$ cat input_12.csv   # CSV, C-alpha atoms and all ligand atoms
chain,number,residue,atom,x,y,z
A,1,MET,CA,128.2,-19.0,-62.2
A,2,ALA,CA,126.3,-17.8,-59.1
A,3,GLY,CA,123.2,-15.6,-59.3
A,4,ILE,CA,120.9,-13.5,-57.2
A,5,TYR,CA,117.1,-13.8,-57.7
A,6,ILE,CA,114.9,-11.0,-56.3
A,7,HIS,CA,111.2,-11.9,-56.0
A,8,ILE,CA,108.7,-9.0,-56.5
A,9,PRO,CA,105.4,-10.5,-55.4
A,10,PHE,CA,103.1,-7.7,-56.5
A,11,CYS,CA,100.5,-7.9,-59.3
A,12,LYS,CA,98.0,-5.4,-60.3
A,13,SER,CA,95.4,-8.1,-60.9
A,14,ARG,CA,95.3,-11.9,-60.9
A,15,CYS,CA,95.5,-13.8,-64.2
A,16,LYS,CA,93.0,-16.6,-64.4
A,17,TYR,CA,95.5,-19.4,-64.8
A,18,CYS,CA,98.1,-18.4,-62.2
A,19,ASP,CA,98.8,-20.2,-59.0
A,20,PHE,CA,102.1,-18.4,-58.2
A,21,TYR,CA,102.4,-16.6,-54.9
A,22,SER,CA,101.6,-13.0,-55.5
A,23,THR,CA,99.7,-10.1,-53.8
A,24,LEU,CA,97.7,-7.1,-54.8
A,25,ALA,CA,99.0,-5.1,-51.8
A,26,LEU,CA,100.8,-2.6,-54.0
A,27,SER,CA,100.8,0.0,-51.2
A,28,GLN,CA,103.6,-2.1,-49.5
A,29,ARG,CA,106.1,-1.8,-52.4
A,30,GLY,CA,108.3,0.9,-50.7
A,31,ARG,CA,108.4,-1.1,-47.5
A,32,TYR,CA,109.2,-4.3,-49.4
A,33,VAL,CA,112.1,-2.7,-51.3
A,34,GLU,CA,113.6,-1.6,-47.9
A,35,ALA,CA,113.2,-5.2,-46.6
A,36,LEU,CA,114.9,-6.7,-49.6
A,37,LYS,CA,117.9,-4.4,-49.1
A,38,ARG,CA,118.0,-5.4,-45.4
A,39,GLU,CA,117.8,-9.1,-46.3
A,40,LEU,CA,120.7,-8.6,-48.8
A,41,GLU,CA,122.7,-7.2,-45.9
A,42,LEU,CA,121.8,-10.0,-43.5
A,43,ARG,CA,122.8,-12.7,-46.1
A,44,GLU,CA,125.8,-11.0,-47.7
A,45,ALA,CA,128.5,-12.8,-45.7
A,46,ASP,CA,126.9,-16.2,-46.1
A,47,PHE,CA,126.4,-16.0,-49.8
A,48,LYS,CA,130.0,-14.8,-50.3
A,49,ARG,CA,131.2,-17.8,-48.3
A,50,ILE,CA,129.1,-20.1,-50.5
A,51,MET,CA,130.5,-18.6,-53.7
A,52,ARG,CA,134.0,-18.8,-52.3
A,53,GLU,CA,133.6,-22.5,-51.3
A,54,ASN,CA,132.1,-23.4,-54.7
A,55,GLY,CA,134.7,-21.3,-56.7
A,56,GLU,CA,131.9,-19.3,-58.2
A,57,CYS,CA,131.4,-15.5,-58.8
A,58,LEU,CA,128.3,-13.5,-59.1
A,59,GLN,CA,127.3,-13.4,-62.8
A,60,THR,CA,123.6,-12.9,-63.0
A,61,VAL,CA,120.8,-11.0,-61.3
A,62,TYR,CA,117.1,-11.8,-62.0
A,63,LEU,CA,114.1,-9.8,-60.9
A,64,GLY,CA,111.1,-12.1,-61.2
A,65,GLY,CA,107.6,-12.2,-59.9
A,66,GLY,CA,104.8,-11.6,-59.5
A,67,THR,CA,105.4,-8.5,-61.6
A,68,PRO,CA,108.7,-6.6,-61.1
A,69,SER,CA,107.5,-3.9,-63.4
A,70,THR,CA,105.0,-2.8,-60.8
A,71,LEU,CA,108.1,-1.2,-59.1
A,72,CYS,CA,109.1,2.3,-60.2
A,73,GLU,CA,112.4,2.6,-61.9
A,74,SER,CA,114.1,4.3,-58.9
A,75,ASN,CA,113.2,1.2,-56.7
A,76,VAL,CA,114.8,-1.1,-59.3
A,77,ALA,CA,117.9,1.1,-59.5
A,78,ASP,CA,118.0,1.1,-55.7
A,79,LEU,CA,118.0,-2.7,-55.6
A,80,ILE,CA,120.7,-3.1,-58.2
A,81,ASN,CA,122.9,-0.4,-56.5
A,82,ALA,CA,122.4,-2.3,-53.2
A,83,ILE,CA,123.9,-5.4,-54.9
A,84,ARG,CA,126.7,-3.3,-56.4
A,85,SER,CA,127.6,-1.9,-53.1
A,86,ARG,CA,128.0,-5.3,-51.4
A,87,PHE,CA,129.3,-7.6,-54.1
A,88,ASN,CA,132.0,-7.7,-56.7
A,89,THR,CA,129.8,-7.1,-59.7
A,90,SER,CA,132.5,-6.8,-62.3
A,91,PHE,CA,131.7,-10.4,-63.6
A,92,ILE,CA,128.0,-9.7,-63.9
A,93,LYS,CA,126.9,-10.6,-67.5
A,94,GLU,CA,123.1,-10.4,-67.2
A,95,ILE,CA,120.6,-8.4,-65.2
A,96,THR,CA,117.1,-9.6,-66.2
A,97,MET,CA,113.8,-8.0,-65.3
A,98,GLU,CA,110.4,-9.6,-65.9
A,99,ALA,CA,107.8,-7.0,-67.0
A,100,ASN,CA,104.2,-6.8,-68.1
A,101,PRO,CA,103.5,-4.7,-71.2
A,102,GLY,CA,101.0,-2.4,-69.6
A,103,ASP,CA,103.5,-1.2,-67.0
A,104,LEU,CA,106.1,0.2,-69.3
A,105,THR,CA,106.7,3.5,-71.1
A,106,GLU,CA,109.7,4.4,-73.2
A,107,GLU,CA,111.0,6.7,-70.5
A,108,LYS,CA,110.7,4.0,-67.8
A,109,LEU,CA,112.5,1.5,-70.1
A,110,ARG,CA,115.3,4.0,-70.7
A,111,LYS,CA,115.7,4.5,-66.9
A,112,LEU,CA,115.7,0.7,-66.3
A,113,ARG,CA,118.4,0.3,-68.9
A,114,GLU,CA,120.4,3.1,-67.2
A,115,ALA,CA,120.0,1.4,-63.9
A,116,GLY,CA,121.7,-1.7,-65.3
A,117,VAL,CA,118.9,-3.9,-66.5
A,118,ASN,CA,120.2,-5.4,-69.8
A,119,ARG,CA,117.7,-8.2,-70.4
A,120,LEU,CA,113.9,-7.8,-70.5
A,121,SER,CA,111.5,-10.7,-70.2
A,122,LEU,CA,108.1,-9.6,-71.3
A,123,GLY,CA,105.0,-11.5,-70.1
A,124,ILE,CA,103.1,-11.3,-73.4
A,125,GLN,CA,101.5,-14.7,-73.5
A,126,SER,CA,99.5,-14.0,-76.7
A,127,PHE,CA,99.1,-11.4,-79.4
A,128,ASN,CA,95.4,-12.3,-79.7
A,129,ASP,CA,92.9,-10.0,-77.7
A,130,ARG,CA,90.3,-12.7,-77.5
A,131,LEU,CA,92.7,-15.2,-75.9
A,132,LEU,CA,94.3,-12.5,-73.6
A,133,LYS,CA,90.8,-11.8,-72.3
A,134,ILE,CA,90.0,-15.5,-71.7
A,135,ILE,CA,93.1,-15.9,-69.5
A,136,GLY,CA,92.6,-12.6,-67.7
A,137,ARG,CA,95.7,-10.7,-68.8
A,138,ARG,CA,95.5,-6.9,-68.3
A,139,HIS,CA,97.2,-5.8,-71.6
A,140,SER,CA,96.1,-5.8,-75.2
A,141,ALA,CA,97.8,-7.3,-78.2
A,142,GLN,CA,98.6,-3.7,-79.4
A,143,GLU,CA,100.3,-2.9,-76.1
A,144,ALA,CA,102.4,-6.0,-76.4
A,145,LEU,CA,103.6,-5.0,-79.9
A,146,ASP,CA,104.2,-1.4,-78.8
A,147,VAL,CA,106.3,-2.5,-75.7
A,148,VAL,CA,108.7,-4.5,-77.8
A,149,ARG,CA,109.3,-1.6,-80.1
A,150,MET,CA,109.7,0.8,-77.2
A,151,ALA,CA,112.2,-1.5,-75.5
A,152,LYS,CA,114.3,-1.6,-78.6
A,153,ARG,CA,114.2,2.2,-78.9
A,154,ALA,CA,115.2,2.4,-75.3
A,155,GLY,CA,118.4,0.4,-76.1
A,156,PHE,CA,117.4,-3.2,-75.1
A,157,THR,CA,119.2,-5.6,-77.4
A,158,ASN,CA,118.3,-8.8,-75.4
A,159,ILE,CA,114.6,-9.2,-75.2
A,160,SER,CA,112.7,-12.3,-74.3
A,161,ILE,CA,108.9,-12.8,-74.6
A,162,ASP,CA,106.7,-15.4,-72.8
A,163,LEU,CA,104.0,-17.1,-74.9
A,164,MET,CA,101.4,-19.6,-73.9
A,165,TYR,CA,99.6,-22.1,-76.0
A,166,GLY,CA,96.7,-24.5,-75.4
A,167,LEU,CA,94.5,-21.7,-74.3
A,168,PRO,CA,90.7,-22.3,-74.4
A,169,THR,CA,89.3,-22.0,-77.9
A,170,GLU,CA,92.7,-21.5,-79.4
A,171,THR,CA,93.2,-22.9,-82.9
A,172,LEU,CA,96.4,-24.0,-84.6
A,173,GLU,CA,96.0,-20.9,-86.9
A,174,ASP,CA,95.8,-18.6,-83.8
A,175,TRP,CA,99.0,-20.1,-82.5
A,176,GLN,CA,100.8,-19.9,-85.9
A,177,LYS,CA,99.9,-16.2,-86.0
A,178,ASP,CA,101.2,-15.6,-82.5
A,179,VAL,CA,104.5,-17.3,-83.4
A,180,GLU,CA,104.7,-15.4,-86.7
A,181,THR,CA,104.2,-12.1,-84.8
A,182,ALA,CA,106.9,-13.1,-82.3
A,183,ILE,CA,109.3,-13.8,-85.2
A,184,SER,CA,108.4,-10.5,-86.9
A,185,LEU,CA,109.5,-8.6,-83.8
A,186,ASP,CA,113.1,-9.8,-84.2
A,187,ILE,CA,113.7,-10.6,-80.6
A,188,GLN,CA,116.4,-12.8,-79.1
A,189,HIS,CA,114.5,-15.3,-76.9
A,190,VAL,CA,111.1,-16.9,-76.6
A,191,SER,CA,109.7,-19.0,-73.7
A,192,ALA,CA,106.7,-21.0,-74.6
A,193,TYR,CA,104.5,-22.8,-72.0
A,194,CYS,CA,101.5,-25.0,-72.5
A,195,LEU,CA,98.6,-23.9,-70.3
A,196,THR,CA,98.1,-26.1,-67.3
A,197,TYR,CA,94.9,-25.9,-65.3
A,198,GLU,CA,96.1,-25.5,-61.8
A,199,GLU,CA,93.7,-26.3,-59.0
A,200,SER,CA,92.4,-23.3,-57.1
A,201,THR,CA,92.6,-21.0,-60.2
A,202,PRO,CA,89.5,-19.4,-61.8
A,203,LEU,CA,90.4,-21.2,-65.1
A,204,TYR,CA,90.4,-24.5,-63.3
A,205,GLU,CA,87.0,-23.7,-61.8
A,206,ALA,CA,85.7,-22.8,-65.3
A,207,LEU,CA,87.0,-26.1,-66.6
A,208,MET,CA,85.2,-28.0,-63.8
A,209,GLN,CA,82.0,-26.0,-64.6
A,210,ASN,CA,82.4,-27.0,-68.3
A,211,GLU,CA,82.6,-23.3,-69.2
A,212,VAL,CA,86.0,-23.9,-71.0
A,213,GLN,CA,87.4,-27.1,-72.5
A,214,GLU,CA,91.0,-28.4,-72.6
A,215,LEU,CA,92.5,-28.8,-76.1
A,216,PRO,CA,93.1,-32.3,-77.3
A,217,ASP,CA,96.7,-33.7,-76.9
A,218,GLU,CA,97.1,-34.1,-80.6
A,219,LEU,CA,96.5,-30.4,-81.2
A,220,LEU,CA,98.8,-29.5,-78.3
A,221,ASN,CA,101.5,-31.6,-80.0
A,222,GLU,CA,100.9,-29.9,-83.3
A,223,MET,CA,101.3,-26.5,-81.5
A,224,GLN,CA,104.5,-27.6,-80.0
A,225,ASP,CA,105.9,-28.8,-83.3
A,226,CYS,CA,104.7,-25.6,-85.0
A,227,ILE,CA,106.6,-23.3,-82.7
A,228,GLU,CA,109.8,-25.4,-82.7
A,229,ASP,CA,109.8,-25.5,-86.5
A,230,MET,CA,108.9,-21.9,-87.1
A,231,LEU,CA,111.4,-20.6,-84.6
A,232,GLN,CA,114.1,-22.9,-85.8
A,233,HIS,CA,113.7,-21.5,-89.4
A,234,SER,CA,114.3,-18.0,-88.0
A,235,GLY,CA,117.4,-19.1,-86.1
A,236,ILE,CA,115.8,-19.2,-82.7
A,237,ILE,CA,116.7,-22.7,-81.4
A,238,ARG,CA,115.2,-24.7,-78.7
A,239,TYR,CA,117.7,-25.2,-75.9
A,240,GLU,CA,115.4,-26.3,-73.1
A,241,ILE,CA,112.0,-27.9,-73.2
A,242,SER,CA,110.2,-24.5,-73.0
A,243,ASN,CA,112.9,-22.1,-74.1
A,244,TYR,CA,114.3,-20.9,-77.5
A,245,ALA,CA,117.1,-18.5,-78.2
A,246,LYS,CA,119.2,-17.0,-80.9
A,247,GLU,CA,122.8,-18.1,-80.6
A,248,ASN,CA,124.5,-16.7,-77.4
A,249,TYR,CA,121.2,-15.4,-76.1
A,250,GLU,CA,120.2,-18.3,-73.9
A,251,SER,CA,119.2,-17.1,-70.4
A,252,LYS,CA,122.4,-17.2,-68.4
A,253,HIS,CA,120.5,-17.0,-65.1
A,254,ASN,CA,118.2,-20.0,-65.8
A,255,SER,CA,121.0,-22.0,-67.5
A,256,SER,CA,122.9,-21.7,-64.2
A,257,TYR,CA,119.9,-23.1,-62.3
A,258,TRP,CA,119.9,-26.1,-64.7
A,259,THR,CA,123.5,-26.8,-64.0
A,260,GLY,CA,123.2,-26.7,-60.3
A,261,ALA,CA,125.0,-23.4,-59.6
A,262,ALA,CA,124.4,-21.5,-56.3
A,263,TYR,CA,121.8,-18.7,-56.1
A,264,MET,CA,120.5,-16.5,-53.4
A,265,GLY,CA,116.8,-15.8,-53.6
A,266,LEU,CA,115.6,-12.7,-51.8
A,267,GLY,CA,112.0,-11.8,-51.0
A,268,ALA,CA,108.7,-13.4,-50.0
A,269,GLY,CA,108.4,-16.9,-51.5
A,270,ALA,CA,112.0,-16.9,-52.9
A,271,HIS,CA,114.1,-20.0,-52.9
A,272,SER,CA,117.9,-20.3,-52.6
A,273,TYR,CA,120.4,-23.0,-53.2
A,274,ASP,CA,124.0,-23.4,-52.0
A,275,GLY,CA,125.0,-25.4,-55.0
A,276,GLN,CA,125.6,-28.4,-52.7
A,277,PHE,CA,123.1,-29.9,-50.3
A,278,CYS,CA,121.0,-27.1,-48.9
A,279,ARG,CA,117.9,-25.3,-50.3
A,280,GLN,CA,116.3,-22.4,-48.4
A,281,PHE,CA,112.8,-21.0,-48.6
A,282,ASN,CA,111.5,-17.6,-47.6
A,283,PRO,CA,107.8,-17.6,-46.4
A,284,ASP,CA,105.1,-17.4,-49.0
A,285,SER,CA,103.6,-14.5,-47.2
A,286,LEU,CA,104.4,-10.8,-47.6
A,287,MET,CA,103.5,-9.9,-44.1
A,288,LYS,CA,105.4,-12.7,-42.4
A,289,TYR,CA,108.4,-11.8,-44.6
A,290,LEU,CA,108.3,-8.1,-43.8
A,291,GLN,CA,107.8,-8.6,-40.1
A,292,SER,CA,110.7,-11.0,-39.7
A,293,ILE,CA,113.2,-8.9,-41.8
A,294,GLU,CA,112.1,-5.7,-40.1
A,295,ASP,CA,112.8,-7.4,-36.8
A,296,GLY,CA,116.3,-8.1,-38.1
A,297,ARG,CA,115.6,-11.9,-38.4
A,298,LEU,CA,115.8,-14.1,-41.5
A,299,ALA,CA,112.7,-16.3,-41.9
A,300,LEU,CA,114.4,-19.0,-44.0
A,301,THR,CA,113.5,-22.6,-43.8
A,302,ASP,CA,116.2,-25.1,-44.7
A,303,GLU,CA,115.8,-28.3,-46.8
A,304,ILE,CA,118.7,-30.6,-46.8
A,305,LEU,CA,119.0,-32.6,-50.1
A,306,THR,CA,119.8,-36.3,-50.0
A,307,GLU,CA,122.1,-37.9,-52.6
A,308,THR,CA,119.0,-39.2,-54.2
A,309,ASP,CA,117.4,-35.7,-54.4
A,310,ARG,CA,120.6,-34.4,-56.0
A,311,PHE,CA,120.7,-37.3,-58.5
A,312,ASN,CA,117.1,-36.9,-59.5
A,313,GLU,CA,117.4,-33.2,-59.9
A,314,ALA,CA,120.5,-33.5,-62.1
A,315,VAL,CA,118.7,-36.1,-64.3
A,316,MET,CA,115.5,-34.0,-64.6
A,317,LEU,CA,117.2,-30.7,-65.3
A,318,GLY,CA,119.7,-32.3,-67.7
A,319,LEU,CA,117.0,-34.1,-69.8
A,320,ARG,CA,115.0,-30.9,-70.1
A,321,THR,CA,117.9,-29.2,-71.9
A,322,ARG,CA,119.2,-29.7,-75.4
A,323,LYS,CA,122.7,-30.3,-73.9
A,324,GLY,CA,121.3,-33.4,-72.1
A,325,VAL,CA,122.5,-35.3,-69.1
A,326,ASP,CA,126.3,-35.6,-68.9
A,327,LEU,CA,127.0,-39.0,-67.5
A,328,SER,CA,130.6,-38.1,-66.7
A,329,ARG,CA,129.2,-36.1,-63.8
A,330,PHE,CA,127.9,-39.3,-62.1
A,331,SER,CA,129.5,-42.2,-60.2
A,332,GLU,CA,130.1,-45.5,-62.0
A,333,LYS,CA,127.1,-47.0,-60.2
A,334,ASP,CA,124.8,-44.1,-61.1
A,335,ARG,CA,125.9,-44.2,-64.8
A,336,PHE,CA,125.0,-47.9,-64.8
A,337,PHE,CA,121.6,-47.1,-63.3
A,338,ILE,CA,120.8,-44.4,-65.9
A,339,ARG,CA,121.9,-46.5,-68.8
A,340,LYS,CA,119.8,-49.5,-67.6
A,341,GLN,CA,116.7,-47.3,-67.2
A,342,ALA,CA,117.3,-45.5,-70.4
A,343,PHE,CA,117.8,-48.7,-72.5
A,344,PRO,CA,114.1,-49.1,-73.6
A,345,TYR,CA,114.0,-45.5,-74.6
A,346,PHE,CA,117.1,-45.8,-76.8
A,347,GLU,CA,115.5,-48.8,-78.5
A,348,ASN,CA,112.4,-46.7,-79.2
A,349,GLN,CA,114.4,-43.7,-80.3
A,350,LEU,CA,113.0,-41.5,-77.5
A,351,LEU,CA,116.5,-40.9,-76.1
A,352,GLU,CA,119.8,-40.7,-77.9
A,353,GLN,CA,123.4,-41.0,-76.7
A,354,ASP,CA,126.3,-39.0,-77.9
A,355,GLY,CA,129.5,-39.9,-76.1
A,356,ASP,CA,128.8,-39.4,-72.5
A,357,VAL,CA,125.7,-37.4,-73.0
A,358,ILE,CA,122.1,-38.6,-73.1
A,359,ARG,CA,119.4,-36.4,-74.4
A,360,ALA,CA,115.7,-36.7,-75.5
A,361,THR,CA,115.0,-37.0,-79.2
A,362,HIS,CA,112.3,-34.9,-80.9
A,363,SER,CA,109.7,-37.6,-80.2
A,364,GLY,CA,111.1,-38.1,-76.7
A,365,THR,CA,110.4,-34.5,-75.7
A,366,ARG,CA,106.7,-35.3,-76.0
A,367,LEU,CA,107.0,-38.0,-73.4
A,368,LEU,CA,109.6,-36.3,-71.3
A,369,ASN,CA,107.8,-36.3,-68.0
A,370,ALA,CA,107.3,-40.1,-68.1
A,371,ILE,CA,110.9,-40.7,-69.2
A,372,ILE,CA,112.3,-38.5,-66.5
A,373,GLU,CA,110.2,-40.3,-63.9
A,374,ASP,CA,111.6,-43.7,-65.1
A,375,LEU,CA,115.2,-42.4,-64.9
A,376,MET,CA,114.8,-41.2,-61.3
A,377,LYS,CA,115.6,-43.1,-58.2
A,378,GLU,CA,112.9,-43.7,-55.5
B,1,LIG,S1,101.0,-11.2,-63.7
B,1,LIG,FE1,102.2,-13.1,-63.5
B,1,LIG,S2,102.4,-13.6,-61.3
B,1,LIG,FE2,100.8,-12.0,-61.6
B,1,LIG,S3,98.9,-13.1,-61.6
B,1,LIG,FE3,99.5,-12.8,-63.8
B,1,LIG,S4,100.8,-14.6,-64.3
B,1,LIG,FE4,100.5,-14.6,-62.0
$ encode --input "input_12.csv" --output "structure tokens"
Amino acid sequence: MAGIYIHIPFCKSRCKYCDFYSTLALSQRGRYVEALKRELELREADFKRIMRENGECLQTVYLGGGTPSTLCESNVADLINAIRSRFNTSFIKEITMEANPGDLTEEKLRKLREAGVNRLSLGIQSFNDRLLKIIGRRHSAQEALDVVRMAKRAGFTNISIDLMYGLPTETLEDWQKDVETAISLDIQHVSAYCLTYEESTPLYEALMQNEVQELPDELLNEMQDCIEDMLQHSGIIRYEISNYAKENYESKHNSSYWTGAAYMGLGAGAHSYDGQFCRQFNPDSLMKYLQSIEDGRLALTDEILTETDRFNEAVMLGLRTRKGVDLSRFSEKDRFFIRKQAFPYFENQLLEQDGDVIRATHSGTRLLNAIIEDLMKE
């Protein structure tokens, strides 16, 4: 199940916790969309070859960022049409666009729907104005509520929202209210991430200056349990460490990353994978990207994966999902290695085995990073 990822690196302002590559140079949007179409043209033949060799067809498109909703609807339609004109899109099941609440109107949402976007991923993070302000988000809680309702009226039937927990000063009650609000909106998918203080972000600086405090691990665990339980009661089931969905609404694009399918990433900072041994990276710089594409040159850097890289990635991605790691995909020697490393975790009920599949138990998900590290090869 191959996919195309399109990175839109523009943001209207920088959130205080974010260390992703993005730029405030909104004046370059038109030029950037032209460059994306040119890159698509330059890479069309190679990606078709990759899909042919892997026996895959194009099934998902994902516009991520940055903030894709900083683009106007005609730019989005232009990009989707460029894909339609070059690829067989009759197997496409999902076209996702990430969006920030403050950028959308009902009319824009209708036009995005008409352009072919059939899944919306809204960067809401919290329904609490105090917390939104602390992390430097542009929108208000009311705008977040309004945008979900507008999206439904515009015809979206597959809506995901991103929430964050562990925010400075956040209480368990604050988080419960956020989850209750999410449930009341009757959406199909929730991604929930624990705040991490990334170096070089304003929030990390504030932490270093003692202006904000990290929440204790015990509270973070309670918040994690709280969302899992509350969503589960509403039929929104955890299928990956940070992702929850109603049945049949799991993100197809992200699920194909986790199973090692090929994808072509277009745009500044985007990654690609051939589904075998090669990753490619575009430069993390808008200007470098634009200059090279406008000169008719790709600016991709290759990374060749070793067998160990591929093994480690399969273990890590598998253990992050509810489906778990399917041992039948590995050689006899690798299966033996995984079982040997996993043995103490079976004994402590942190991992469980079901036929050929190994997955983390509820308690295991809290220690997942350490478990994954132990199951990886050096
Ligand atoms: S909108 Fe998204 S990409 Fe842009 S600064 Fe905020 S979190 Fe980062």
$ residues_near_ligand --input "input_12.csv" --ligand "ligand LIG 1 (chain B)" --cutoff "12 Å" --atoms "only C-alpha atoms and all ligand atoms" --output "ChimeraX atom specification"
/A:7-24,64-70,98-103,121-125,132,135-139,162-164,193,195,198,201-202,269
$ closest_residue --input "input_12.csv" --among "A:Leu368, A:Ser256, A:Met264, A:Asp174" --to "Glu44 of chain A" --atoms "all atoms listed in the file"
A:Met264
$ residues_around --input "input_12.csv" --residues "segment 177-192 of chain A" --least-positions-apart "5" --cutoff "9 Å" --atoms "all atoms listed in the file" --output "PyMOL selection string"
chain A and resi 121+125-128+145+148-149+157-165+172+224+226-227+230-231+234+236-237+241-247+249-251
$ atom_distance --input "input_12.csv" --atom1 "atom CA of Ile304 of chain A" --atom2 "atom CA of Glu332 of chain A"
24.1 Å
$ residues_near_point --input "input_12.csv" --point "(127.3, -40.0, -67.1)" --cutoff "10 Å" --atoms "all atoms listed in the file" --output "VMD selection string"
chain A and resid 315 325 to 339 355 to 358
$ residues_around --input "input_12.csv" --residues "Arg322 of chain A" --least-positions-apart "3" --cutoff "7 Å" --atoms "all atoms listed in the file" --output "ChimeraX atom specification"
/A:239-240,359
$ atom_distance --input "input_12.csv" --atom1 "atom CA of Asp284 of chain A" --atom2 "atom CA of Leu63 of chain A"
16.7 Å
$ residues_near_point --input "input_12.csv" --point "(112.9, -19.9, -49.7)" --cutoff "9 Å" --atoms "only C-alpha atoms" --output "ChimeraX atom specification"
/A:265-273,279-284,299-302
$ decode --input "input_12.csv" --residues "segment 308-314 of chain A" --atoms "all heavy atoms" --output "compact mmCIF listing (two decimals), in the first residue's frame"
# COMPACT_ATOMS: atom_id res chain seq x y z
N THR A 308 20.47 -4.83 9.89
CA THR A 308 20.20 -4.53 11.31
C THR A 308 19.22 -3.35 11.42
O THR A 308 18.30 -3.38 12.23
CB THR A 308 21.52 -4.21 12.05
OG1 THR A 308 22.37 -5.33 11.90
CG2 THR A 308 21.30 -3.92 13.52
N ASP A 309 19.43 -2.31 10.59
CA ASP A 309 18.49 -1.17 10.59
C ASP A 309 17.07 -1.66 10.32
O ASP A 309 16.11 -1.26 10.98
CB ASP A 309 18.83 -0.15 9.49
CG ASP A 309 20.15 0.56 9.73
OD1 ASP A 309 20.55 0.67 10.90
OD2 ASP A 309 20.78 0.99 8.74
N ARG A 310 16.95 -2.53 9.32
CA ARG A 310 15.61 -3.00 8.93
C ARG A 310 14.99 -3.86 10.03
O ARG A 310 13.80 -3.76 10.32
CB ARG A 310 15.70 -3.81 7.62
CG ARG A 310 15.76 -2.89 6.39
CD ARG A 310 16.28 -3.62 5.18
NE ARG A 310 15.68 -4.92 4.94
CZ ARG A 310 14.68 -5.15 4.10
NH1 ARG A 310 14.14 -4.17 3.43
NH2 ARG A 310 14.22 -6.36 3.91
N PHE A 311 15.81 -4.67 10.65
CA PHE A 311 15.33 -5.50 11.76
C PHE A 311 14.82 -4.59 12.89
O PHE A 311 13.71 -4.76 13.40
CB PHE A 311 16.47 -6.40 12.26
CG PHE A 311 16.16 -7.13 13.53
CD1 PHE A 311 15.57 -8.39 13.51
CD2 PHE A 311 16.43 -6.54 14.77
CE1 PHE A 311 15.25 -9.04 14.70
CE2 PHE A 311 16.12 -7.20 15.96
CZ PHE A 311 15.54 -8.45 15.92
N ASN A 312 15.67 -3.63 13.29
CA ASN A 312 15.32 -2.75 14.41
C ASN A 312 14.04 -1.97 14.13
O ASN A 312 13.20 -1.80 15.01
CB ASN A 312 16.47 -1.80 14.71
CG ASN A 312 17.64 -2.51 15.38
OD1 ASN A 312 17.47 -3.62 15.90
ND2 ASN A 312 18.81 -1.90 15.37
N GLU A 313 13.94 -1.51 12.90
CA GLU A 313 12.76 -0.72 12.56
C GLU A 313 11.49 -1.58 12.62
O GLU A 313 10.46 -1.15 13.14
CB GLU A 313 12.94 -0.14 11.16
CG GLU A 313 11.96 0.94 10.90
CD GLU A 313 12.54 2.00 9.98
OE1 GLU A 313 13.61 2.54 10.27
OE2 GLU A 313 11.90 2.25 8.98
N ALA A 314 11.58 -2.80 12.11
CA ALA A 314 10.40 -3.68 12.11
C ALA A 314 9.98 -3.99 13.54
O ALA A 314 8.79 -4.01 13.87
CB ALA A 314 10.70 -4.97 11.34
